[in-house]
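S.K.: I'm passing along final06.cif; it holds mmCIF, C-alpha atoms.
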```cif
data_coords
loop_
_atom_site.label_atom_id
_atom_site.label_comp_id
_atom_site.auth_asym_id
_atom_site.auth_seq_id
_atom_site.Cartn_x
_atom_site.Cartn_y
_atom_site.Cartn_z
CA MET A 711 0.00 0.00 0.00
CA LYS A 712 2.88 2.37 0.66
CA LEU A 713 4.06 1.86 -2.90
CA SER A 714 0.55 2.62 -4.18
CA GLY A 715 0.46 5.81 -2.12
CA LEU A 716 3.81 6.95 -3.49
CA PHE A 717 2.74 6.04 -7.04
CA PHE A 718 -0.48 8.06 -6.79
CA ILE A 719 1.36 11.04 -5.29
CA ALA A 720 3.81 10.94 -8.20
CA LEU A 721 0.95 10.70 -10.74
CA THR A 722 -0.89 13.57 -9.08
CA ILE A 723 2.16 15.82 -9.11
CA TYR A 724 2.93 14.86 -12.70
CA SER A 725 -0.64 15.58 -13.83
CA LYS A 726 -0.58 18.95 -12.05
CA PHE A 727 2.55 20.16 -13.84
CA SER A 728 2.19 18.34 -17.17
CA ARG A 729 0.57 20.54 -19.78
CA ARG A 730 0.82 18.20 -22.77
CA LYS A 731 -2.29 18.27 -24.94
CA ASN A 732 -3.87 14.94 -25.79
CA SER A 733 -5.29 14.25 -29.20
CA PRO A 734 -8.65 12.46 -29.30
CA LEU A 735 -8.69 8.69 -29.72
CA PRO A 736 -9.89 7.16 -32.98
CA SER A 737 -13.33 5.65 -32.37
CA ARG A 738 -12.12 2.07 -32.97
CA HIS A 739 -9.96 2.30 -29.83
CA TYR A 740 -12.90 2.78 -27.46
CA LEU A 741 -13.83 -0.92 -27.42
CA PHE A 742 -10.26 -1.99 -26.66
CA ALA A 743 -9.80 0.70 -23.99
CA GLY A 744 -13.13 -0.15 -22.36
CA ALA A 745 -12.29 -3.86 -22.28
CA PHE A 746 -8.84 -3.14 -20.86
CA ILE A 747 -10.23 -0.88 -18.12
CA GLY A 748 -12.85 -3.51 -17.27
CA PHE A 749 -10.20 -6.23 -17.07
CA LEU A 750 -7.89 -4.07 -14.97
CA THR A 751 -10.72 -3.10 -12.63
CA GLY A 752 -11.73 -6.72 -12.11
CA ALA A 753 -8.22 -8.11 -11.83
CA VAL A 754 -6.61 -5.67 -9.41
CA SER A 755 -9.47 -3.50 -8.12
CA VAL A 756 -7.99 -0.35 -9.63
CA SER A 757 -10.72 1.47 -11.51
CA GLY A 758 -10.32 5.19 -10.92
CA PRO A 759 -7.03 6.07 -12.63
CA PRO A 760 -7.57 4.00 -15.83
CA LEU A 761 -11.12 5.32 -16.20
CA ALA A 762 -9.96 8.90 -15.63
CA LEU A 763 -7.20 8.54 -18.21
CA PHE A 764 -9.60 7.02 -20.73
CA LEU A 765 -12.24 9.73 -20.28
CA ASN A 766 -9.60 12.43 -20.48
CA ARG A 767 -8.17 10.94 -23.68
CA ALA A 768 -11.68 10.62 -25.10
CA LYS A 769 -12.12 14.39 -24.65
CA VAL A 770 -15.23 14.04 -22.49
CA SER A 771 -16.37 17.38 -21.07
CA ASN A 772 -15.48 18.07 -17.44
CA ARG A 773 -19.07 17.97 -16.27
CA LYS A 774 -19.81 14.72 -18.12
CA PHE A 775 -16.53 13.28 -16.79
CA ARG A 776 -17.66 13.87 -13.20
CA GLU A 777 -21.10 12.37 -13.81
CA ILE A 778 -19.71 9.25 -15.51
CA PHE A 779 -17.14 8.80 -12.77
CA ALA A 780 -19.76 9.07 -10.00
CA ALA A 781 -22.14 6.62 -11.68
CA PHE A 782 -19.30 4.18 -12.40
CA SER A 783 -18.16 4.31 -8.77
CA VAL A 784 -21.64 3.60 -7.41
CA VAL A 785 -22.20 0.69 -9.78
CA THR A 786 -18.79 -0.90 -9.14
CA ALA A 787 -19.25 -0.54 -5.36
CA VAL A 788 -22.59 -2.37 -5.47
CA ILE A 789 -21.17 -5.12 -7.69
CA ALA A 790 -18.10 -5.49 -5.46
CA ILE A 791 -20.17 -5.81 -2.28
CA ALA A 792 -22.45 -8.40 -3.87
CA GLY A 793 -19.47 -10.35 -5.18
CA TYR A 794 -17.60 -10.23 -1.88
CA TYR A 795 -20.69 -11.43 -0.03
CA GLN A 796 -21.32 -14.25 -2.49
CA THR A 797 -17.75 -15.53 -2.15
CA GLY A 798 -17.85 -15.29 1.64
CA MET A 799 -15.31 -12.48 1.86
CA ILE A 800 -17.70 -10.33 3.90
CA SER A 801 -20.17 -11.34 6.58
CA THR A 802 -23.90 -10.77 6.78
CA GLU A 803 -23.23 -8.06 9.38
CA THR A 804 -20.93 -6.22 6.97
CA LEU A 805 -23.58 -6.53 4.25
CA LYS A 806 -26.18 -5.02 6.62
CA ILE A 807 -23.87 -2.10 7.42
CA SER A 808 -23.24 -1.60 3.69
CA LEU A 809 -26.98 -1.48 3.05
CA LEU A 810 -27.36 1.00 5.91
CA PHE A 811 -24.88 3.35 4.23
CA THR A 812 -26.31 2.93 0.72
CA PRO A 813 -28.78 5.83 1.08
CA ILE A 814 -25.89 8.06 2.20
CA LEU A 815 -23.88 7.02 -0.85
CA LEU A 816 -26.78 7.69 -3.20
CA THR A 817 -27.57 11.02 -1.52
CA GLY A 818 -23.94 12.05 -1.85
CA THR A 819 -24.01 11.15 -5.53
CA ILE A 820 -27.14 13.22 -6.13
CA VAL A 821 -25.80 16.20 -4.16
CA GLY A 822 -22.50 15.88 -6.00
CA LYS A 823 -24.31 15.97 -9.34
CA LYS A 824 -26.03 19.20 -8.27
CA LEU A 825 -22.70 20.69 -7.14
CA ASN A 826 -21.23 19.61 -10.46
CA THR A 827 -23.28 22.25 -12.24
CA LYS A 828 -22.18 24.98 -9.81
CA MET A 829 -18.49 24.18 -9.20
CA SER A 830 -15.91 25.69 -11.55
CA VAL A 831 -13.44 23.43 -13.35
CA SER A 832 -10.45 24.97 -11.56
CA SER A 833 -12.10 24.59 -8.15
CA PHE A 834 -12.94 20.97 -8.93
CA GLN A 835 -9.36 20.28 -10.04
CA ARG A 836 -7.89 21.83 -6.88
CA THR A 837 -10.28 19.86 -4.67
CA ASN A 838 -9.51 16.66 -6.55
CA ILE A 839 -5.75 17.15 -6.21
CA VAL A 840 -6.00 17.86 -2.47
CA LEU A 841 -8.23 14.83 -1.84
CA THR A 842 -5.99 12.57 -3.93
CA LEU A 843 -2.90 13.70 -2.04
CA ILE A 844 -4.61 13.20 1.33
CA ALA A 845 -5.78 9.70 0.36
CA SER A 846 -2.31 8.84 -0.95
CA LEU A 847 -0.65 10.07 2.24
CA LEU A 848 -3.08 7.98 4.29
CA LEU A 849 -2.07 4.92 2.23
CA ILE A 850 1.54 5.59 3.17
CA VAL A 851 0.98 6.41 6.87
CA ASN A 852 -1.71 3.83 7.60
CA PRO A 853 -1.53 1.05 4.96
CA GLY A 854 -4.37 -0.83 6.55
#
```
Here is the file; what I need is its structure written in the form of structure tokens.
M.R.:
Amino acid sequence: MKLSGLFFIALTIYSKFSRRKNSPLPSRHYLFAGAFIGFLTGAVSVSGPPLALFLNRAKVSNRKFREIFAAFSVVTAVIAIAGYYQTGMISTETLKISLLFTPILLTGTIVGKKLNTKMSVSSFQRTNIVLTLIASLLLIVNPG
């Protein structure tokens, strides 16, 4: 986990100072990229960075990017919890707690979508960088 934290800090700093412009992907690459992201997500439980890179490369608008990311996160969380429960990796008690927090997750997603229309791109980027750095530092300090 410490290595992951360091890796994400390095990526965050690189993305902050890198100003290289990406050219849009040819449409035939979307199927391959989507399959690769799906495989990577399922194999190593890393979905955020590959999805973000793909959406950025696909030239999706900032507002649409945020909405897709939020929906993707909710769906993958529900699928992960169901899969973990089915394989016995989480208990019935953990499932009950997860269901208890589901309305909070959905409410946060809805509120976030509303804020999405009001928050400027630069403010969103600053907030995202700060939260990513905090999460990465927590991975280093408290690897779980």
S.K.: Which neighbours of range 713-720 of chain A fall inside 7 Å, counting only C-alpha atoms, when residues of the same chain fewer than 6 positions from it are skipped, and could you give them as a PyMOL selection string?
M.R.: chain A and resi 843+846-847+849-850
S.K.: Which of these, A:Ser725, A:Thr812, A:Thr802, A:Ser833, has the shortest distance to Leu763 in chain A once you count all atoms listed in the file?
M.R.: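 Ranked by minimum distance to Leu763 in chain A, first place goes to A:Ser725.
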S.K.: Identify all residues satisfying the PyMOL selection byres ((chain A and resi 807-809) around 12) in the given file; provide them as number ranges by chain.
M.R.: A: 787-788, 790-792, 794-795, 800-806, 810-816
S.K.: Could you state the separation of CA of Leu765 in chain A and CA of Lys824 in chain A in Å, given to one decimal place?
M.R.: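 Atom-to-atom, CA of Leu765 in chain A and CA of Lys824 in chain A are spaced 20.6 Å apart.
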S.K.: What gap, in Å, lies between CA of Gly822 in chain A and CA of Lys712 in chain A?
M.R.: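 Taking CA of Gly822 in chain A as the start and CA of Lys712 in chain A as the end point, the length is 29.5 Å.
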S.K.: Just the number, please: distance in Å from CA of Lys823 in chain A to CA of Phe742 in chain A, one decimal.
M.R.: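 Computing the Euclidean distance for CA of Lys823 in chain A and CA of Phe742 in chain A yields 28.6 Å.
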S.K.: Neighbouring residues of Arg776 in chain A were defined as those with any atom within 10 Å, considering all atoms listed in the file; residues of the same chain fewer than 4 positions away were excluded. Please report them as a PyMOL selection string.
M.R.: chain A and resi 762+765+770-772+780-782+822-823+826+834
